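Heads up, target.cif below (mmCIF, C-alpha atoms):
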```
data_work
#
loop_
_atom_site.group_PDB
_atom_site.id
_atom_site.type_symbol
_atom_site.label_atom_id
_atom_site.label_comp_id
_atom_site.auth_asym_id
_atom_site.auth_seq_id
_atom_site.Cartn_x
_atom_site.Cartn_y
_atom_site.Cartn_z
ATOM 1 C CA MET A 147 -188.793 -27.076 11.290
ATOM 2 C CA SER A 148 -191.503 -25.099 9.504
ATOM 3 C CA ILE A 149 -192.092 -21.370 9.541
ATOM 4 C CA SER A 150 -195.150 -21.867 11.708
ATOM 5 C CA SER A 151 -192.920 -22.889 14.623
ATOM 6 C CA LEU A 152 -191.018 -19.606 14.721
ATOM 7 C CA THR A 153 -192.101 -17.135 17.394
ATOM 8 C CA PHE A 154 -190.677 -13.736 18.212
ATOM 9 C CA ASN A 155 -190.491 -12.789 21.862
ATOM 10 C CA ALA A 156 -189.294 -9.565 23.442
ATOM 11 C CA ALA A 157 -186.369 -11.189 25.261
ATOM 12 C CA GLU A 158 -185.009 -12.709 22.060
ATOM 13 C CA ILE A 159 -185.466 -9.500 20.096
ATOM 14 C CA GLY A 160 -183.715 -7.462 22.777
ATOM 15 C CA ASN A 161 -180.819 -9.911 23.125
ATOM 16 C CA GLY A 162 -180.139 -10.613 19.487
ATOM 17 C CA PRO A 163 -181.494 -13.190 17.119
ATOM 18 C CA PRO A 164 -182.597 -16.650 18.233
ATOM 19 C CA PRO A 165 -181.244 -19.524 16.221
ATOM 20 C CA LEU A 166 -182.975 -19.753 12.869
ATOM 21 C CA PRO A 167 -183.985 -23.078 11.383
ATOM 22 C CA ASP A 168 -181.661 -24.630 8.828
ATOM 23 C CA VAL A 169 -184.527 -24.836 6.360
ATOM 24 C CA ILE A 170 -187.562 -22.608 6.072
ATOM 25 C CA HIS A 171 -190.208 -24.448 4.109
ATOM 26 C CA SER A 172 -192.389 -22.564 1.682
ATOM 27 C CA ASP A 173 -195.809 -21.723 2.978
ATOM 28 C CA PRO A 174 -198.297 -24.567 2.401
ATOM 29 C CA LYS A 175 -201.203 -22.116 2.064
ATOM 30 C CA GLY A 176 -199.585 -20.511 -0.990
ATOM 31 C CA ARG A 177 -199.435 -17.069 0.584
ATOM 32 C CA GLY A 178 -197.880 -14.214 -1.316
ATOM 33 C CA LYS A 179 -199.146 -15.415 -4.645
ATOM 34 C CA ALA A 180 -201.456 -13.183 -6.649
ATOM 35 C CA LYS A 181 -202.723 -14.131 -10.100
ATOM 36 C CA ASP A 182 -199.832 -12.691 -12.092
ATOM 37 C CA ASN A 183 -197.619 -11.065 -9.500
ATOM 38 C CA VAL A 184 -196.250 -11.327 -6.002
ATOM 39 C CA ALA A 185 -197.741 -9.212 -3.222
ATOM 40 C CA ARG A 186 -195.421 -6.477 -1.964
ATOM 41 C CA ILE A 187 -195.057 -6.023 1.787
ATOM 42 C CA ALA A 188 -193.373 -3.034 3.425
ATOM 43 C CA ILE A 189 -191.741 -3.678 6.786
ATOM 44 C CA VAL A 190 -191.266 -0.522 8.874
ATOM 45 C CA ASP A 191 -189.350 -1.119 12.120
ATOM 46 C CA ASP A 192 -186.399 0.695 13.668
ATOM 47 C CA ASP A 193 -184.822 -2.541 14.966
ATOM 48 C CA PRO A 194 -182.587 -3.984 12.225
ATOM 49 C CA TRP A 195 -182.874 -7.531 13.597
ATOM 50 C CA VAL A 196 -186.679 -7.396 13.575
ATOM 51 C CA ARG A 197 -186.640 -6.008 10.009
ATOM 52 C CA ARG A 198 -184.287 -8.748 8.861
ATOM 53 C CA SER A 199 -186.304 -11.503 10.588
ATOM 54 C CA LEU A 200 -189.644 -10.285 9.235
ATOM 55 C CA ASP A 201 -188.089 -9.868 5.794
ATOM 56 C CA ARG A 202 -186.897 -13.492 5.799
ATOM 57 C CA LEU A 203 -190.256 -14.738 7.072
ATOM 58 C CA MET A 204 -192.310 -12.831 4.497
ATOM 59 C CA ARG A 205 -190.002 -13.859 1.636
ATOM 60 C CA SER A 206 -190.152 -17.506 2.741
ATOM 61 C CA ALA A 207 -193.959 -17.226 2.532
ATOM 62 C CA GLY A 208 -193.707 -16.000 -1.064
ATOM 63 C CA PHE A 209 -194.022 -12.238 -0.611
ATOM 64 C CA LYS A 210 -191.802 -9.537 -2.071
ATOM 65 C CA THR A 211 -190.609 -7.191 0.685
ATOM 66 C CA GLU A 212 -189.148 -3.749 1.154
ATOM 67 C CA CYS A 213 -187.690 -2.746 4.524
ATOM 68 C CA PHE A 214 -187.582 0.718 6.069
ATOM 69 C CA GLY A 215 -185.985 1.873 9.327
ATOM 70 C CA SER A 216 -188.388 4.755 9.906
ATOM 71 C CA ALA A 217 -191.760 6.138 8.887
ATOM 72 C CA GLU A 218 -190.025 8.996 7.101
ATOM 73 C CA GLU A 219 -187.892 6.578 5.062
ATOM 74 C CA PHE A 220 -191.062 4.709 4.054
ATOM 75 C CA LEU A 221 -192.786 7.941 2.979
ATOM 76 C CA GLU A 222 -189.780 9.018 0.898
ATOM 77 C CA SER A 223 -189.387 5.668 -0.861
ATOM 78 C CA ALA A 224 -192.877 4.271 -1.226
ATOM 79 C CA ASP A 225 -194.929 6.689 -3.331
ATOM 80 C CA ASP A 226 -196.512 3.974 -5.442
ATOM 81 C CA PHE A 227 -196.421 1.219 -2.849
ATOM 82 C CA LEU A 228 -198.984 -1.543 -3.315
ATOM 83 C CA GLY A 229 -199.742 -4.340 -0.868
ATOM 84 C CA CYS A 230 -199.625 -3.765 2.853
ATOM 85 C CA VAL A 231 -197.385 -2.455 5.611
ATOM 86 C CA ILE A 232 -196.164 -4.290 8.693
ATOM 87 C CA LEU A 233 -195.664 -1.296 10.962
ATOM 88 C CA ASP A 234 -194.032 -0.961 14.370
ATOM 89 C CA LEU A 235 -195.913 1.311 16.754
ATOM 90 C CA LYS A 236 -192.916 2.931 18.453
ATOM 91 C CA LEU A 237 -190.502 4.484 15.974
ATOM 92 C CA PRO A 238 -188.051 7.356 16.330
ATOM 93 C CA GLY A 239 -189.402 10.539 14.762
ATOM 94 C CA MET A 240 -192.853 9.868 13.326
ATOM 95 C CA ASN A 241 -194.457 6.920 15.152
ATOM 96 C CA GLY A 242 -196.664 4.255 13.597
ATOM 97 C CA LEU A 243 -199.964 5.976 14.458
ATOM 98 C CA GLU A 244 -198.711 9.242 12.963
ATOM 99 C CA LEU A 245 -197.727 7.413 9.762
ATOM 100 C CA GLN A 246 -201.171 5.789 9.616
ATOM 101 C CA ARG A 247 -202.796 9.229 9.999
ATOM 102 C CA ARG A 248 -200.510 10.752 7.360
ATOM 103 C CA LEU A 249 -201.329 8.028 4.837
ATOM 104 C CA ALA A 250 -205.049 8.553 5.476
ATOM 105 C CA ASP A 251 -204.672 12.338 5.100
ATOM 106 C CA GLU A 252 -202.979 11.747 1.733
ATOM 107 C CA ASP A 253 -205.778 9.324 0.756
ATOM 108 C CA ARG A 254 -203.282 6.461 0.404
ATOM 109 C CA LYS A 255 -205.304 3.367 1.226
ATOM 110 C CA ILE A 256 -202.529 0.970 2.229
ATOM 111 C CA PRO A 257 -203.616 -1.775 4.651
ATOM 112 C CA ILE A 258 -201.602 -1.780 7.878
ATOM 113 C CA VAL A 259 -200.702 -4.585 10.266
ATOM 114 C CA PHE A 260 -199.312 -3.054 13.465
ATOM 115 C CA VAL A 261 -196.755 -4.902 15.602
ATOM 116 C CA SER A 262 -195.615 -3.692 19.001
ATOM 117 C CA ALA A 263 -193.774 -4.843 22.099
ATOM 118 C CA HIS A 264 -195.800 -2.292 24.074
ATOM 119 C CA ASP A 265 -199.149 -3.313 25.561
ATOM 120 C CA ASP A 266 -200.838 0.011 24.930
ATOM 121 C CA ARG A 267 -204.604 -0.498 24.746
ATOM 122 C CA ALA A 268 -205.303 3.120 23.766
ATOM 123 C CA SER A 269 -202.908 2.919 20.797
ATOM 124 C CA LYS A 270 -204.311 -0.457 19.754
ATOM 125 C CA SER A 271 -207.852 0.897 19.867
ATOM 126 C CA GLN A 272 -206.855 4.035 17.943
ATOM 127 C CA ALA A 273 -205.033 2.021 15.251
ATOM 128 C CA LEU A 274 -207.924 -0.394 14.732
ATOM 129 C CA GLN A 275 -210.569 2.372 14.707
ATOM 130 C CA ALA A 276 -208.496 4.176 12.065
ATOM 131 C CA GLY A 277 -208.628 1.086 9.842
ATOM 132 C CA ALA A 278 -205.633 -1.100 10.721
ATOM 133 C CA THR A 279 -206.170 -4.724 9.730
ATOM 134 C CA ALA A 280 -204.583 -6.078 12.912
ATOM 135 C CA PHE A 281 -202.561 -5.056 15.952
ATOM 136 C CA LEU A 282 -200.219 -7.825 17.112
ATOM 137 C CA LYS A 283 -198.331 -7.720 20.393
ATOM 138 C CA LYS A 284 -194.775 -9.023 20.341
ATOM 139 C CA PRO A 285 -194.151 -11.851 20.753
ATOM 140 C CA PHE A 286 -196.585 -12.992 18.103
ATOM 141 C CA GLY A 287 -196.844 -16.289 16.311
ATOM 142 C CA VAL A 288 -195.900 -16.666 12.682
ATOM 143 C CA GLU A 289 -199.387 -17.866 11.715
ATOM 144 C CA ALA A 290 -201.006 -14.847 13.406
ATOM 145 C CA LEU A 291 -198.811 -12.507 11.353
ATOM 146 C CA LEU A 292 -199.303 -14.378 8.092
ATOM 147 C CA ASP A 293 -203.059 -14.510 8.648
ATOM 148 C CA ALA A 294 -203.130 -10.755 9.359
ATOM 149 C CA VAL A 295 -201.151 -10.044 6.165
ATOM 150 C CA ASP A 296 -203.453 -12.324 4.157
ATOM 151 C CA SER A 297 -206.447 -10.439 5.546
ATOM 152 C CA ALA A 298 -204.835 -7.089 4.686
ATOM 153 C CA LEU A 299 -204.254 -8.211 1.096
ATOM 154 C CA ARG A 300 -207.742 -9.646 0.589
ATOM 155 C CA PRO A 301 -209.409 -8.028 -2.446
ATOM 156 C CA GLY A 302 -212.204 -5.605 -1.643
ATOM 157 C CA ARG A 303 -210.852 -4.774 1.808
ATOM 158 C CA SER A 304 -211.174 -1.075 2.604
#
```

I need this file expressed as C-alpha coordinates, please.
Amino acid sequence: MSISSLTFNAAEIGNGPPPLPDVIHSDPKGRGKAKDNVARIAIVDDDPWVRRSLDRLMRSAGFKTECFGSAEEFLESADDFLGCVILDLKLPGMNGLELQRRLADEDRKIPIVFVSAHDDRASKSQALQAGATAFLKKPFGVEALLDAVDSALRPGRS
(Lines of atoms letter the chains of each structure in order from A and count residues from 1; the text may use other names and numbers.)
(Lines give C-alpha, C1' and ligand atoms only; values in the text may rest on other atoms or scores of the structure.)
Protein backbone atom coordinates (compact mmCIF):
# COMPACT_ATOMS: atom_id res chain seq x y z
CA MET A 1 0.00 0.00 0.00
CA SER A 2 1.36 3.45 -0.84
CA ILE A 3 0.77 6.71 0.96
CA SER A 4 -1.44 7.88 -1.88
CA SER A 5 -4.08 5.32 -0.89
CA LEU A 6 -4.56 6.70 2.61
CA THR A 7 -7.60 8.92 3.11
CA PHE A 8 -8.84 10.59 6.26
CA ASN A 9 -12.58 10.70 6.79
CA ALA A 10 -14.55 12.26 9.62
CA ALA A 11 -15.99 8.96 10.85
CA GLU A 12 -12.54 7.39 11.17
CA ILE A 13 -11.08 10.45 12.87
CA GLY A 14 -13.95 10.59 15.35
CA ASN A 15 -13.82 6.87 16.13
CA GLY A 16 -10.09 6.41 16.44
CA PRO A 17 -7.44 5.56 13.92
CA PRO A 18 -8.09 3.38 10.88
CA PRO A 19 -5.63 0.60 10.31
CA LEU A 20 -2.36 1.94 8.98
CA PRO A 21 -0.46 0.17 6.23
CA ASP A 22 2.39 -2.10 7.27
CA VAL A 23 4.74 -0.17 5.00
CA ILE A 24 4.57 3.46 3.98
CA HIS A 25 6.66 3.92 0.87
CA SER A 26 8.70 7.06 0.42
CA ASP A 27 7.15 9.62 -1.84
CA PRO A 28 8.02 9.00 -5.51
CA LYS A 29 7.87 12.73 -6.30
CA GLY A 30 10.73 13.42 -3.88
CA ARG A 31 8.69 15.80 -1.75
CA GLY A 32 10.23 17.34 1.32
CA LYS A 33 13.63 17.64 -0.23
CA ALA A 34 15.20 21.07 -0.59
CA LYS A 35 18.69 21.59 -1.99
CA ASP A 36 20.58 21.22 1.28
CA ASN A 37 17.88 20.78 3.89
CA VAL A 38 14.51 19.25 4.62
CA ALA A 39 11.40 21.42 4.58
CA ARG A 40 9.86 21.96 8.02
CA ILE A 41 6.10 21.57 8.38
CA ALA A 42 4.13 22.65 11.44
CA ILE A 43 0.97 20.68 12.16
CA VAL A 44 -1.53 22.56 14.35
CA ASP A 45 -4.57 20.47 15.33
CA ASP A 46 -6.23 19.87 18.68
CA ASP A 47 -6.98 16.20 17.89
CA PRO A 48 -3.97 14.09 18.93
CA TRP A 49 -4.83 11.31 16.47
CA VAL A 50 -4.99 13.74 13.54
CA ARG A 51 -1.66 15.30 14.61
CA ARG A 52 -0.03 11.89 14.86
CA SER A 53 -1.43 10.73 11.49
CA LEU A 54 -0.41 13.90 9.67
CA ASP A 55 3.00 13.76 11.34
CA ARG A 56 3.56 10.21 10.07
CA LEU A 57 2.34 11.11 6.59
CA MET A 58 4.52 14.21 6.26
CA ARG A 59 7.60 12.40 7.61
CA SER A 60 7.02 9.49 5.21
CA ALA A 61 7.02 12.06 2.38
CA GLY A 62 10.41 13.36 3.52
CA PHE A 63 9.41 16.43 5.54
CA LYS A 64 10.56 17.38 9.02
CA THR A 65 7.55 18.10 11.25
CA GLU A 66 6.66 19.83 14.47
CA CYS A 67 3.25 19.25 16.06
CA PHE A 68 1.23 21.67 18.17
CA GLY A 69 -2.09 21.14 19.96
CA SER A 70 -3.18 24.77 19.79
CA ALA A 71 -2.52 28.05 18.02
CA GLU A 72 -1.08 29.47 21.23
CA GLU A 73 1.37 26.57 21.55
CA PHE A 74 2.50 27.19 17.96
CA LEU A 75 3.02 30.91 18.62
CA GLU A 76 5.06 30.21 21.77
CA SER A 77 7.29 27.60 20.13
CA ALA A 78 7.70 28.69 16.54
CA ASP A 79 9.35 32.12 16.50
CA ASP A 80 11.76 31.27 13.71
CA PHE A 81 9.59 28.70 11.96
CA LEU A 82 10.34 28.17 8.28
CA GLY A 83 8.29 26.11 5.84
CA CYS A 84 4.53 25.97 6.08
CA VAL A 85 1.71 25.24 8.51
CA ILE A 86 -1.02 22.63 8.19
CA LEU A 87 -3.67 24.34 10.29
CA ASP A 88 -7.02 23.13 11.60
CA LEU A 89 -9.78 25.72 11.37
CA LYS A 90 -11.56 24.92 14.63
CA LEU A 91 -9.23 25.00 17.62
CA PRO A 92 -9.89 25.70 21.29
CA GLY A 93 -8.85 29.22 22.25
CA MET A 94 -7.49 31.01 19.19
CA ASN A 95 -8.94 29.43 16.02
CA GLY A 96 -7.12 28.92 12.74
CA LEU A 97 -8.36 32.15 11.13
CA GLU A 98 -7.29 34.14 14.19
CA LEU A 99 -3.82 32.56 14.02
CA GLN A 100 -3.59 33.42 10.32
CA ARG A 101 -4.54 37.04 11.11
CA ARG A 102 -2.05 37.20 13.99
CA LEU A 103 0.80 35.93 11.81
CA ALA A 104 -0.07 38.52 9.16
CA ASP A 105 -0.22 41.29 11.78
CA GLU A 106 3.27 40.27 12.94
CA ASP A 107 4.46 40.23 9.30
CA ARG A 108 5.33 36.52 9.55
CA LYS A 109 4.87 35.22 6.02
CA ILE A 110 4.34 31.52 6.70
CA PRO A 111 2.29 29.70 4.04
CA ILE A 112 -0.81 28.02 5.46
CA VAL A 113 -2.73 24.95 4.33
CA PHE A 114 -6.05 24.85 6.20
CA VAL A 115 -7.79 21.55 6.98
CA SER A 116 -11.27 21.32 8.43
CA ALA A 117 -14.09 18.87 9.02
CA HIS A 118 -16.50 21.82 8.87
CA ASP A 119 -17.97 22.86 5.52
CA ASP A 120 -17.89 26.57 6.24
CA ARG A 121 -17.80 28.49 2.96
CA ALA A 122 -17.38 31.88 4.66
CA SER A 123 -14.31 30.67 6.60
CA LYS A 124 -12.86 29.04 3.48
CA SER A 125 -13.32 32.24 1.50
CA GLN A 126 -11.82 34.35 4.31
CA ALA A 127 -8.79 32.05 4.66
CA LEU A 128 -8.06 32.00 0.93
CA GLN A 129 -8.55 35.77 0.53
CA ALA A 130 -6.10 36.29 3.41
CA GLY A 131 -3.47 34.27 1.54
CA ALA A 132 -3.89 30.61 2.53
CA THR A 133 -2.42 28.25 -0.05
CA ALA A 134 -5.30 25.78 0.21
CA PHE A 135 -8.36 24.92 2.27
CA LEU A 136 -9.01 21.17 2.38
CA LYS A 137 -12.19 19.64 3.76
CA LYS A 138 -11.80 16.46 5.78
CA PRO A 139 -11.77 13.82 4.53
CA PHE A 140 -9.09 14.79 2.05
CA GLY A 141 -6.86 12.62 -0.07
CA VAL A 142 -3.18 12.26 0.64
CA GLU A 143 -2.20 13.59 -2.79
CA ALA A 144 -4.37 16.69 -2.33
CA LEU A 145 -2.59 17.47 0.95
CA LEU A 146 0.89 16.76 -0.41
CA ASP A 147 0.19 18.87 -3.49
CA ALA A 148 -1.05 21.75 -1.30
CA VAL A 149 2.09 21.54 0.87
CA ASP A 150 4.30 21.45 -2.23
CA SER A 151 2.53 24.55 -3.52
CA ALA A 152 2.97 26.30 -0.16
CA LEU A 153 6.70 25.57 -0.19
CA ARG A 154 7.26 26.65 -3.80
CA PRO A 155 9.96 29.35 -3.97
CA GLY A 156 8.69 32.84 -4.75
CA ARG A 157 5.22 32.18 -3.36
CA SER A 158 3.89 35.15 -1.40

For Gln246 in chain A, find every residue with an atom within 12 Å (counting all atoms listed in the file), except residues of its own chain fewer than 3 positions away, and show them as a ChimeraX atom specification. /A:190,217-218,220-221,230-235,240-243,249-260,269,272-279

Kindly list the centre and edge lengths in Å, rounded to one decimal, for the axis-aligned box that covers all listed atoms of range 183-199 of chain A plus 6 Å on each of its six sides, as lines of an AutoDock Vina configuration file.
```
center_x = -190.2
center_y = -5.4
center_z = 2.7
size_x = 27.2
size_y = 24.2
size_z = 36.5
```

Name all residues at most 9 Å from Gly215 in chain A (count only C-alpha atoms; drop same-chain ones fewer than 4 positions away) and give them as a list in words.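 Skipping anything fewer than 4 positions along the chain leaves Ile189, Val190, Asp191, Asp192, Asp193, Pro194, Arg197, Glu219, Phe220 and Leu237 of chain A.
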
Mind dumping a table of every range 175-267 of chain A residue within 9 Å of range 280-294 of chain A, with the nearest atom pair and its distance in Å to one decimal, using all atoms listed in the file, sorted by chain and rising number, as JSON lines?
```
{"residue": "A:Arg177", "atom": "CA", "partner": "A:Leu292", "partner_atom": "CA", "distance": 8.0}
{"residue": "A:Leu203", "atom": "CA", "partner": "A:Val288", "partner_atom": "CA", "distance": 8.2}
{"residue": "A:Met204", "atom": "CA", "partner": "A:Leu292", "partner_atom": "CA", "distance": 8.0}
{"residue": "A:Ala207", "atom": "CA", "partner": "A:Leu292", "partner_atom": "CA", "distance": 8.2}
{"residue": "A:Ile258", "atom": "CA", "partner": "A:Ala280", "partner_atom": "CA", "distance": 7.3}
{"residue": "A:Val259", "atom": "CA", "partner": "A:Ala280", "partner_atom": "CA", "distance": 4.9}
{"residue": "A:Phe260", "atom": "CA", "partner": "A:Phe281", "partner_atom": "CA", "distance": 4.6}
{"residue": "A:Val261", "atom": "CA", "partner": "A:Leu282", "partner_atom": "CA", "distance": 4.8}
{"residue": "A:Ser262", "atom": "CA", "partner": "A:Lys283", "partner_atom": "CA", "distance": 5.1}
{"residue": "A:Ala263", "atom": "CA", "partner": "A:Lys284", "partner_atom": "CA", "distance": 4.6}
{"residue": "A:His264", "atom": "CA", "partner": "A:Lys283", "partner_atom": "CA", "distance": 7.0}
{"residue": "A:Asp265", "atom": "CA", "partner": "A:Lys283", "partner_atom": "CA", "distance": 6.8}
```

What gap, in Å, lies between CA of Asp266 in chain A and CA of Arg205 in chain A?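 That distance, rounded to one decimal, is 29.2 Å.
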
What's the separation between CA of Arg186 in chain A and CA of Phe209 in chain A, in Å to one decimal place?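 CA of Phe209 in chain A lies 6.1 Å from CA of Arg186 in chain A.
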
Of the residues A:Glu244, A:Ser199, A:Ala268, A:Thr211, which is the one nearest to Gly229 in chain A, using only C-alpha atoms?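 Comparing A:Glu244, A:Ser199, A:Ala268, A:Thr211 against Gly229 in chain A, the winner is A:Thr211.
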
Just checking: using all atoms listed in the file, which residue out of A:Arg300, A:Val295, A:Leu245, A:Gly208 ends up closest to Val184 in chain A? A:Gly208

Two-atom distance - CA of Glu212 in chain A, CA of Val196 in chain A (Å):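 CA of Val196 in chain A lies 13.2 Å from CA of Glu212 in chain A.
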